[in-house]
$ cat final32.txt   # compact mmCIF, C-alpha atoms and all ligand atoms
# COMPACT_ATOMS: atom_id res chain seq x y z
CA MET Q 1 245.65 -64.63 97.01
CA GLY Q 2 245.50 -67.54 99.52
CA SER Q 3 244.53 -66.91 103.12
CA GLU Q 4 247.99 -67.88 104.33
CA GLU Q 5 249.57 -65.30 102.09
CA LEU Q 6 247.03 -62.66 103.08
CA GLU Q 7 247.98 -63.13 106.68
CA PHE Q 8 251.65 -62.88 105.82
CA VAL Q 9 251.10 -59.58 104.04
CA ALA Q 10 248.82 -58.21 106.75
CA ASN Q 11 251.43 -58.81 109.44
CA LEU Q 12 254.00 -56.58 107.83
CA ASP Q 13 254.38 -52.89 108.34
CA ASN Q 14 252.79 -50.85 105.56
CA ALA Q 15 254.43 -47.63 104.48
CA MET Q 16 251.63 -46.98 102.02
CA GLU Q 17 248.41 -48.65 101.03
CA THR Q 18 245.88 -47.98 98.28
CA LYS Q 19 242.20 -48.68 98.73
CA ASP Q 20 240.01 -49.13 95.68
CA ILE Q 21 241.81 -46.70 93.41
CA ASN Q 22 239.72 -45.94 90.31
CA VAL Q 23 240.84 -43.46 87.68
CA TRP Q 24 239.17 -41.80 84.73
CA PHE Q 25 240.39 -39.45 82.03
CA GLY Q 26 237.21 -37.66 81.01
CA GLU Q 27 234.62 -40.40 80.66
CA ARG Q 28 237.13 -43.15 80.07
CA GLN Q 29 238.04 -45.35 83.02
CA VAL Q 30 241.67 -46.48 82.94
CA LEU Q 31 242.12 -48.05 86.38
CA ALA Q 32 239.71 -50.13 88.44
CA ASN Q 33 239.86 -51.07 92.11
CA VAL Q 34 243.58 -51.11 92.69
CA ASN Q 35 244.35 -52.34 96.21
CA LEU Q 36 248.04 -52.60 96.98
CA GLU Q 37 250.22 -52.43 100.06
CA PHE Q 38 253.77 -51.20 100.01
CA GLN Q 39 255.76 -52.58 102.94
CA THR Q 40 258.22 -50.29 104.71
CA ASN Q 41 261.76 -50.50 103.34
CA THR Q 42 260.93 -52.82 100.47
CA VAL Q 43 260.95 -52.40 96.71
CA THR Q 44 257.74 -53.10 94.80
CA ALA Q 45 257.83 -53.45 91.02
CA LEU Q 46 254.81 -52.53 88.90
CA ILE Q 47 254.81 -54.47 85.65
CA GLY Q 48 252.41 -54.89 82.74
CA PRO Q 49 252.00 -54.08 79.05
CA SER Q 50 252.18 -50.52 77.78
CA GLY Q 51 248.97 -48.57 78.36
CA CYS Q 52 247.68 -50.66 81.26
CA GLY Q 53 247.86 -47.71 83.67
CA LYS Q 54 251.15 -48.12 85.56
CA SER Q 55 252.20 -44.49 85.17
CA THR Q 56 248.71 -43.30 85.93
CA PHE Q 57 248.65 -45.40 89.09
CA ILE Q 58 252.06 -44.30 90.34
CA ARG Q 59 251.02 -40.65 89.86
CA THR Q 60 248.07 -41.18 92.17
CA LEU Q 61 250.51 -42.06 94.96
CA ASN Q 62 251.85 -38.52 95.36
CA ARG Q 63 248.92 -36.52 94.01
CA MET Q 64 250.59 -35.70 90.72
CA HIS Q 65 247.61 -37.28 89.02
CA GLU Q 66 245.38 -34.35 89.85
CA LEU Q 67 247.66 -31.98 87.94
CA ILE Q 68 246.39 -33.53 84.68
CA PRO Q 69 243.29 -31.78 83.35
CA SER Q 70 240.36 -34.22 82.89
CA ALA Q 71 241.84 -36.66 85.42
CA LYS Q 72 239.43 -38.00 88.02
CA LEU Q 73 240.05 -40.29 90.93
CA ALA Q 74 238.13 -42.31 93.49
CA GLY Q 75 239.64 -44.28 96.34
CA ARG Q 76 242.16 -43.68 99.07
CA VAL Q 77 245.92 -43.70 99.43
CA MET Q 78 246.97 -44.24 103.02
CA LEU Q 79 250.29 -42.88 104.25
CA ASP Q 80 250.92 -43.02 108.01
CA ASP Q 81 247.31 -44.09 108.49
CA GLU Q 82 246.05 -40.97 106.82
CA ASP Q 83 244.46 -40.57 103.39
CA ILE Q 84 246.71 -38.32 101.30
CA TYR Q 85 243.51 -37.11 99.58
CA ALA Q 86 241.82 -36.04 102.82
CA ALA Q 87 240.41 -32.51 102.59
CA HIS Q 88 242.89 -30.89 104.95
CA VAL Q 89 246.00 -32.42 103.38
CA ASP Q 90 248.25 -30.15 101.32
CA PRO Q 91 249.33 -31.88 98.08
CA VAL Q 92 252.64 -30.02 98.16
CA ASP Q 93 253.38 -31.61 101.50
CA ILE Q 94 252.58 -35.05 100.10
CA ARG Q 95 254.94 -34.56 97.17
CA LEU Q 96 257.71 -33.84 99.66
CA LYS Q 97 257.01 -37.05 101.57
CA VAL Q 98 256.54 -39.09 98.42
CA GLY Q 99 259.27 -38.28 95.92
CA MET Q 100 259.29 -39.13 92.23
CA VAL Q 101 261.93 -39.93 89.64
CA PHE Q 102 260.91 -40.00 85.98
CA GLN Q 103 261.85 -41.91 82.87
CA LYS Q 104 263.87 -39.07 81.42
CA PRO Q 105 266.34 -37.50 83.87
CA ASN Q 106 265.21 -33.92 84.41
CA PRO Q 107 267.93 -32.00 86.26
CA PHE Q 108 268.17 -28.24 85.80
CA PRO Q 109 270.94 -28.43 83.16
CA SER Q 110 272.47 -24.98 83.56
CA MET Q 111 272.42 -25.14 87.35
CA SER Q 112 275.45 -26.65 89.09
CA ILE Q 113 275.46 -30.25 90.31
CA GLY Q 114 275.45 -29.12 93.93
CA ASP Q 115 272.67 -26.58 93.47
CA ASN Q 116 270.56 -29.18 91.69
CA VAL Q 117 270.68 -31.45 94.71
CA LEU Q 118 269.78 -28.63 97.10
CA ALA Q 119 267.12 -27.13 94.81
CA GLY Q 120 264.35 -29.22 96.34
CA LEU Q 121 265.10 -27.87 99.79
CA LYS Q 122 264.81 -24.31 98.55
CA LEU Q 123 261.54 -25.02 96.75
CA ALA Q 124 260.23 -26.66 99.91
CA LYS Q 125 261.38 -23.58 101.85
CA ARG Q 126 263.18 -25.84 104.28
CA LYS Q 127 265.89 -24.32 106.39
CA VAL Q 128 269.31 -25.75 105.64
CA GLU Q 129 271.52 -26.04 108.69
CA ASP Q 130 274.37 -27.94 107.14
CA ALA Q 131 274.12 -27.83 103.38
CA ASP Q 132 277.51 -29.46 102.81
CA PHE Q 133 276.61 -32.46 104.90
CA ILE Q 134 273.19 -32.88 103.30
CA LEU Q 135 274.71 -32.54 99.85
CA GLU Q 136 277.32 -35.21 100.44
CA ASP Q 137 274.92 -37.53 102.23
CA SER Q 138 272.34 -37.40 99.43
CA LEU Q 139 274.92 -37.84 96.69
CA ARG Q 140 276.44 -40.79 98.54
CA LYS Q 141 273.07 -42.45 98.96
CA ALA Q 142 272.36 -41.93 95.27
CA GLY Q 143 275.73 -43.53 94.46
CA LEU Q 144 277.09 -40.44 92.74
CA TRP Q 145 279.38 -38.78 95.28
CA ASP Q 146 282.70 -40.26 94.15
CA GLU Q 147 282.05 -39.27 90.55
CA VAL Q 148 281.13 -35.64 91.24
CA LYS Q 149 282.76 -34.60 94.51
CA ASP Q 150 285.50 -32.66 92.70
CA ARG Q 151 283.13 -30.82 90.38
CA LEU Q 152 280.08 -29.88 92.42
CA LYS Q 153 280.12 -26.39 90.88
CA THR Q 154 280.07 -27.70 87.29
CA SER Q 155 276.76 -27.59 85.45
CA ALA Q 156 274.56 -30.67 85.67
CA GLY Q 157 274.25 -30.69 81.88
CA SER Q 158 277.83 -31.99 81.71
CA LEU Q 159 276.87 -35.30 83.32
CA SER Q 160 276.01 -38.49 81.43
CA GLY Q 161 272.39 -39.66 81.31
CA GLY Q 162 272.96 -42.24 84.05
CA GLN Q 163 274.69 -39.69 86.26
CA GLN Q 164 271.86 -37.22 85.67
CA GLN Q 165 269.37 -39.83 86.78
CA ARG Q 166 271.34 -40.48 89.98
CA LEU Q 167 271.48 -36.69 90.47
CA CYS Q 168 267.68 -36.62 90.27
CA ILE Q 169 267.56 -39.41 92.84
CA ALA Q 170 269.87 -37.36 95.11
CA ARG Q 171 267.63 -34.33 94.59
CA SER Q 172 264.66 -36.36 95.81
CA LEU Q 173 266.59 -37.78 98.76
CA VAL Q 174 267.48 -34.40 100.29
CA LEU Q 175 263.84 -34.08 101.23
CA LYS Q 176 264.03 -37.34 103.17
CA PRO Q 177 260.98 -38.87 101.51
CA GLN Q 178 259.22 -41.84 103.09
CA VAL Q 179 258.40 -43.27 99.70
CA LEU Q 180 260.25 -42.88 96.41
CA LEU Q 181 258.34 -43.49 93.18
CA MET Q 182 260.28 -44.34 90.04
CA ASP Q 183 258.59 -44.56 86.65
CA GLU Q 184 260.86 -46.58 84.33
CA PRO Q 185 263.96 -44.78 85.64
CA CYS Q 186 266.36 -46.80 83.48
CA SER Q 187 264.53 -47.02 80.19
CA ALA Q 188 266.57 -44.18 78.66
CA LEU Q 189 269.89 -45.52 80.00
CA ASP Q 190 272.59 -47.86 78.75
CA PRO Q 191 273.11 -51.23 80.53
CA GLY Q 192 276.06 -49.98 82.61
CA SER Q 193 274.14 -46.99 83.96
CA THR Q 194 271.13 -49.24 84.52
CA ARG Q 195 273.22 -51.56 86.70
CA ARG Q 196 274.48 -48.58 88.68
CA ILE Q 197 270.91 -47.35 89.34
CA GLU Q 198 269.86 -50.85 90.35
CA GLU Q 199 272.67 -50.99 92.92
CA THR Q 200 271.51 -47.61 94.21
CA ILE Q 201 267.93 -48.87 94.53
CA LYS Q 202 269.08 -51.88 96.55
CA GLU Q 203 271.00 -49.64 98.94
CA LEU Q 204 268.21 -47.08 99.24
CA ARG Q 205 265.75 -49.70 100.37
CA GLU Q 206 267.27 -49.46 103.83
CA SER Q 207 266.01 -45.93 104.27
CA VAL Q 208 263.08 -45.47 101.90
CA THR Q 209 260.19 -47.49 100.53
CA ILE Q 210 260.43 -47.77 96.75
CA VAL Q 211 257.77 -48.30 94.09
CA ILE Q 212 259.23 -48.77 90.61
CA VAL Q 213 257.57 -49.19 87.23
CA THR Q 214 259.68 -51.30 84.90
CA HIS Q 215 259.31 -52.93 81.50
CA ASN Q 216 262.40 -54.98 82.16
CA MET Q 217 261.48 -58.32 83.73
CA GLN Q 218 265.08 -59.06 84.70
CA GLN Q 219 265.22 -55.70 86.46
CA ALA Q 220 262.06 -56.47 88.42
CA LEU Q 221 263.61 -59.79 89.45
CA ARG Q 222 266.90 -58.18 90.42
CA VAL Q 223 265.67 -55.23 92.46
CA SER Q 224 262.21 -55.89 93.83
CA ASP Q 225 260.81 -57.76 96.80
CA TYR Q 226 257.19 -57.58 95.64
CA THR Q 227 255.65 -57.37 92.21
CA ALA Q 228 252.21 -56.25 91.04
CA PHE Q 229 251.12 -57.27 87.56
CA PHE Q 230 248.75 -54.80 85.88
CA LEU Q 231 246.65 -55.51 82.81
CA SER Q 232 243.93 -53.77 80.86
CA GLU Q 233 241.82 -56.13 78.82
CA GLU Q 234 239.04 -55.79 76.27
CA GLY Q 235 236.29 -53.91 78.09
CA HIS Q 236 238.20 -53.87 81.39
CA PRO Q 237 240.21 -50.90 82.61
CA GLY Q 238 243.67 -51.46 84.05
CA HIS Q 239 243.64 -53.62 87.16
CA VAL Q 240 245.97 -55.78 89.22
CA VAL Q 241 245.86 -59.38 88.05
CA GLU Q 242 248.30 -60.66 90.63
CA TYR Q 243 250.39 -59.27 93.45
CA GLY Q 244 252.86 -61.00 95.72
CA LEU Q 245 256.48 -61.77 96.42
CA THR Q 246 258.52 -61.19 93.28
CA ASN Q 247 259.87 -64.73 93.40
CA ASP Q 248 256.36 -66.17 93.43
CA ILE Q 249 255.10 -63.89 90.65
CA PHE Q 250 257.96 -64.90 88.40
CA HIS Q 251 258.39 -68.55 89.33
CA GLU Q 252 255.04 -69.72 90.64
CA PRO Q 253 252.38 -67.34 89.34
CA LYS Q 254 248.82 -68.33 90.14
CA ASP Q 255 247.27 -66.72 87.07
CA GLN Q 256 247.98 -67.93 83.54
CA ARG Q 257 248.06 -64.34 82.28
CA THR Q 258 250.86 -63.51 84.72
CA ASP Q 259 252.77 -66.58 83.59
CA ASP Q 260 252.37 -65.59 79.94
CA TYR Q 261 253.44 -62.01 80.58
CA VAL Q 262 256.53 -62.71 82.68
CA HIS Q 263 257.66 -65.24 80.08
CA GLY Q 264 257.30 -62.69 77.31
CA ARG Q 265 254.40 -64.40 75.54
CA PHE Q 266 252.65 -61.05 75.14
CA GLY Q 267 253.03 -57.35 75.92
N1 LIG Q 301 246.81 -37.32 80.29
C1 LIG Q 301 246.04 -38.29 79.79
N2 LIG Q 301 244.86 -38.01 79.21
C2 LIG Q 301 244.07 -38.98 78.69
N3 LIG Q 301 244.38 -40.29 78.72
C3 LIG Q 301 245.55 -40.64 79.30
C4 LIG Q 301 246.45 -39.67 79.86
N4 LIG Q 301 247.51 -40.31 80.37
C5 LIG Q 301 247.32 -41.62 80.12
N5 LIG Q 301 246.13 -41.82 79.49
C6 LIG Q 301 245.58 -43.11 79.09
O1 LIG Q 301 245.48 -43.95 80.22
C7 LIG Q 301 245.85 -45.29 79.93
C8 LIG Q 301 247.00 -45.70 80.82
O2 LIG Q 301 248.17 -44.98 80.46
P1 LIG Q 301 249.51 -45.07 81.29
O3 LIG Q 301 249.20 -44.92 82.72
O4 LIG Q 301 250.46 -44.11 80.69
O5 LIG Q 301 249.97 -46.57 80.99
P2 LIG Q 301 251.39 -47.28 81.21
O6 LIG Q 301 252.24 -46.39 82.05
O7 LIG Q 301 251.07 -48.58 81.84
O8 LIG Q 301 251.97 -47.47 79.83
C9 LIG Q 301 246.22 -45.30 78.45
O9 LIG Q 301 245.11 -45.75 77.72
C10 LIG Q 301 246.51 -43.86 78.14
O10 LIG Q 301 246.23 -43.57 76.80
MG MG Q 302 254.12 -45.54 81.69
$ encode --input "final32.txt" --output "structure tokens"
Amino acid sequence: MGSEELEFVANLDNAMETKDINVWFGERQVLANVNLEFQTNTVTALIGPSGCGKSTFIRTLNRMHELIPSAKLAGRVMLDDEDIYAAHVDPVDIRLKVGMVFQKPNPFPSMSIGDNVLAGLKLAKRKVEDADFILEDSLRKAGLWDEVKDRLKTSAGSLSGGQQQRLCIARSLVLKPQVLLMDEPCSALDPGSTRRIEETIKELRESVTIVIVTHNMQQALRVSDYTAFFLSEEGHPGHVVEYGLTNDIFHEPKDQRTDDYVHGRFG
């Protein structure tokens, strides 16, 4: 990264920042020295070939990583100038501030659409003053309100895959997270539903910082402001090869490996 660019990045407001993240499963190191900054109210795409550690990395950002037996971690993840791994920090609290949406939509299928959205609040033992307002607000932000407003009491299992994914986004949003992590949220969806989620992501950026793993280069170009390219190479655990404005990563990459990857020459 050039000094000019460094300055540009440093002047922006960071919602979250990682410092020398290293990860092991048992003895095997899968991530080395990942330093990234996620600017407030932007979308950052994490790209790279399968197995390079994108999912592992994103799980370190809300302390889901430590739920995996054998997983080890070194480094810091700063949120509001505080390390989320500091001794006094409650991981449950972090997972409320840093929400996560997975590849496969995972609503509670027999629970109603409305109850699904509010489920997070109950789990978080948060007092609900105006459930109806929160419900509508979250579903609107997730771009699902118009499609479900007349059937909030129907079971979530009756929704299409794309609608279920937007329901999961709404369920995260009720907790008013500062950061929303998305691990390949569209990879199980058809192109129409994918478009709909992408529109939602663009609108959400105004209120939440988003980090999204995607295998779809066009999607990274369409939705993200910044892109980080991860790679694990012979003898080297997953690491960030290049990070910067999405436009630069795709159109003027500095590293040949980035150029090759974004043009589909490998991975
Ligand atoms: N629970 C786990 N236990 C052991 N190894 C794992 C586990 N999860 C992932 N790995 C390994 O860590 C590396 C990175 O995986 P992952 O983060 O899933 O990559 P990506 O999401 O980029 O495809 C892979 O080599 C994978 O096999
Ligand atoms: Mg993955």
$ residues_near_ligand --input "final32.txt" --ligand "ligand LIG 301 (chain Q)" --cutoff "8 Å" --atoms "all atoms listed in the file" --output "PDB file with C-alpha atoms, keeping the file's coordinate frame"
ATOM      1  CA  PHE Q  25     240.390 -39.450  82.030  1.00  0.00           C
ATOM      2  CA  GLY Q  26     237.210 -37.660  81.010  1.00  0.00           C
ATOM      3  CA  ARG Q  28     237.130 -43.150  80.070  1.00  0.00           C
ATOM      4  CA  VAL Q  30     241.670 -46.480  82.940  1.00  0.00           C
ATOM      5  CA  LEU Q  31     242.120 -48.050  86.380  1.00  0.00           C
ATOM      6  CA  ILE Q  47     254.810 -54.470  85.650  1.00  0.00           C
ATOM      7  CA  GLY Q  48     252.410 -54.890  82.740  1.00  0.00           C
ATOM      8  CA  PRO Q  49     252.000 -54.080  79.050  1.00  0.00           C
ATOM      9  CA  SER Q  50     252.180 -50.520  77.780  1.00  0.00           C
ATOM     10  CA  GLY Q  51     248.970 -48.570  78.360  1.00  0.00           C
ATOM     11  CA  CYS Q  52     247.680 -50.660  81.260  1.00  0.00           C
ATOM     12  CA  GLY Q  53     247.860 -47.710  83.670  1.00  0.00           C
ATOM     13  CA  LYS Q  54     251.150 -48.120  85.560  1.00  0.00           C
ATOM     14  CA  SER Q  55     252.200 -44.490  85.170  1.00  0.00           C
ATOM     15  CA  THR Q  56     248.710 -43.300  85.930  1.00  0.00           C
ATOM     16  CA  PHE Q  57     248.650 -45.400  89.090  1.00  0.00           C
ATOM     17  CA  ILE Q  68     246.390 -33.530  84.680  1.00  0.00           C
ATOM     18  CA  PRO Q  69     243.290 -31.780  83.350  1.00  0.00           C
ATOM     19  CA  SER Q  70     240.360 -34.220  82.890  1.00  0.00           C
ATOM     20  CA  ALA Q  71     241.840 -36.660  85.420  1.00  0.00           C
ATOM     21  CA  VAL Q 213     257.570 -49.190  87.230  1.00  0.00           C
ATOM     22  CA  PHE Q 230     248.750 -54.800  85.880  1.00  0.00           C
ATOM     23  CA  GLY Q 238     243.670 -51.460  84.050  1.00  0.00           C
TER      24      GLY Q 238
END
$ closest_residue --input "final32.txt" --among "Q:Asp80, Q:Glu184, Q:Glu129, Q:Asp137" --to "ligand MG 302 (chain Q)" --atoms "only C-alpha atoms and all ligand atoms"
Q:Glu184
$ atom_distance --input "final32.txt" --atom1 "atom CA of Q:Gly157" --atom2 "atom CA of Q:Glu136"
19.3 Å
$ residues_around --input "final32.txt" --residues "Q:Gln29" --least-positions-apart "6" --cutoff "8 Å" --atoms "all atoms listed in the file" --output "list of chain:residue names"
Q:Asn22, Q:Val23, Q:Pro237
$ closest_residue --input "final32.txt" --among "Q:Trp24, Q:Phe38, Q:Phe266, Q:Phe102" --to "ligand MG 302 (chain Q)" --atoms "only C-alpha atoms and all ligand atoms"
Q:Phe102
$ residues_around --input "final32.txt" --residues "stretch 254-256 of chain Q" --least-positions-apart "4" --cutoff "8 Å" --atoms "all atoms listed in the file" --output "NGL selection string"
:Q and (241-242 or 249 or 260)
$ write_last_selection --input "final32.txt" --atoms "C-alpha atoms" --output "PDB file, in the frame of the given file"
ATOM      1  CA  VAL Q 241     245.860 -59.380  88.050  1.00  0.00           C
ATOM      2  CA  GLU Q 242     248.300 -60.660  90.630  1.00  0.00           C
ATOM      3  CA  ILE Q 249     255.100 -63.890  90.650  1.00  0.00           C
ATOM      4  CA  ASP Q 260     252.370 -65.590  79.940  1.00  0.00           C
TER       5      ASP Q 260
END
$ atom_distance --input "final32.txt" --atom1 "atom CA of Q:Leu231" --atom2 "atom CA of Q:Val101"
22.9 Å
$ residues_around --input "final32.txt" --residues "stretch 113-128 of chain Q" --least-positions-apart "6" --cutoff "10 Å" --atoms "all atoms listed in the file" --output "ChimeraX atom specification"
/Q:92-93,95-96,107,134-136,138-139,148-149,151-159,164,167-175
$ axis_aligned_box --input "final32.txt" --around "stretch 110-120 of chain Q" --padding-each-side "6 Å" --output "JSON"
{"center_x": 269.9, "center_y": -28.2, "center_z": 90.3, "size_x": 23.1, "size_y": 18.5, "size_z": 25.5}
$ residues_near_point --input "final32.txt" --point "(245.3, -55.6, 90.5)" --cutoff "7 Å" --atoms "only C-alpha atoms" --output "PDB file with C-alpha atoms, in the coordinates of the input"
ATOM      1  CA  VAL Q  34     243.580 -51.110  92.690  1.00  0.00           C
ATOM      2  CA  ASN Q  35     244.350 -52.340  96.210  1.00  0.00           C
ATOM      3  CA  ALA Q 228     252.210 -56.250  91.040  1.00  0.00           C
ATOM      4  CA  PHE Q 229     251.120 -57.270  87.560  1.00  0.00           C
ATOM      5  CA  PHE Q 230     248.750 -54.800  85.880  1.00  0.00           C
ATOM      6  CA  HIS Q 239     243.640 -53.620  87.160  1.00  0.00           C
ATOM      7  CA  VAL Q 240     245.970 -55.780  89.220  1.00  0.00           C
ATOM      8  CA  VAL Q 241     245.860 -59.380  88.050  1.00  0.00           C
ATOM      9  CA  GLU Q 242     248.300 -60.660  90.630  1.00  0.00           C
ATOM     10  CA  TYR Q 243     250.390 -59.270  93.450  1.00  0.00           C
TER      11      TYR Q 243
END
$ residues_near_point --input "final32.txt" --point "(256.0, -39.9, 98.5)" --cutoff "8 Å" --atoms "all atoms listed in the file" --output "JSON, numbers by chain"
{"Q": [61, 62, 94, 95, 96, 97, 98, 99, 100, 177, 178, 179, 180, 181]}
$ atom_distance --input "final32.txt" --atom1 "atom CA of Q:Leu221" --atom2 "atom CA of Q:Val43"
10.7 Å
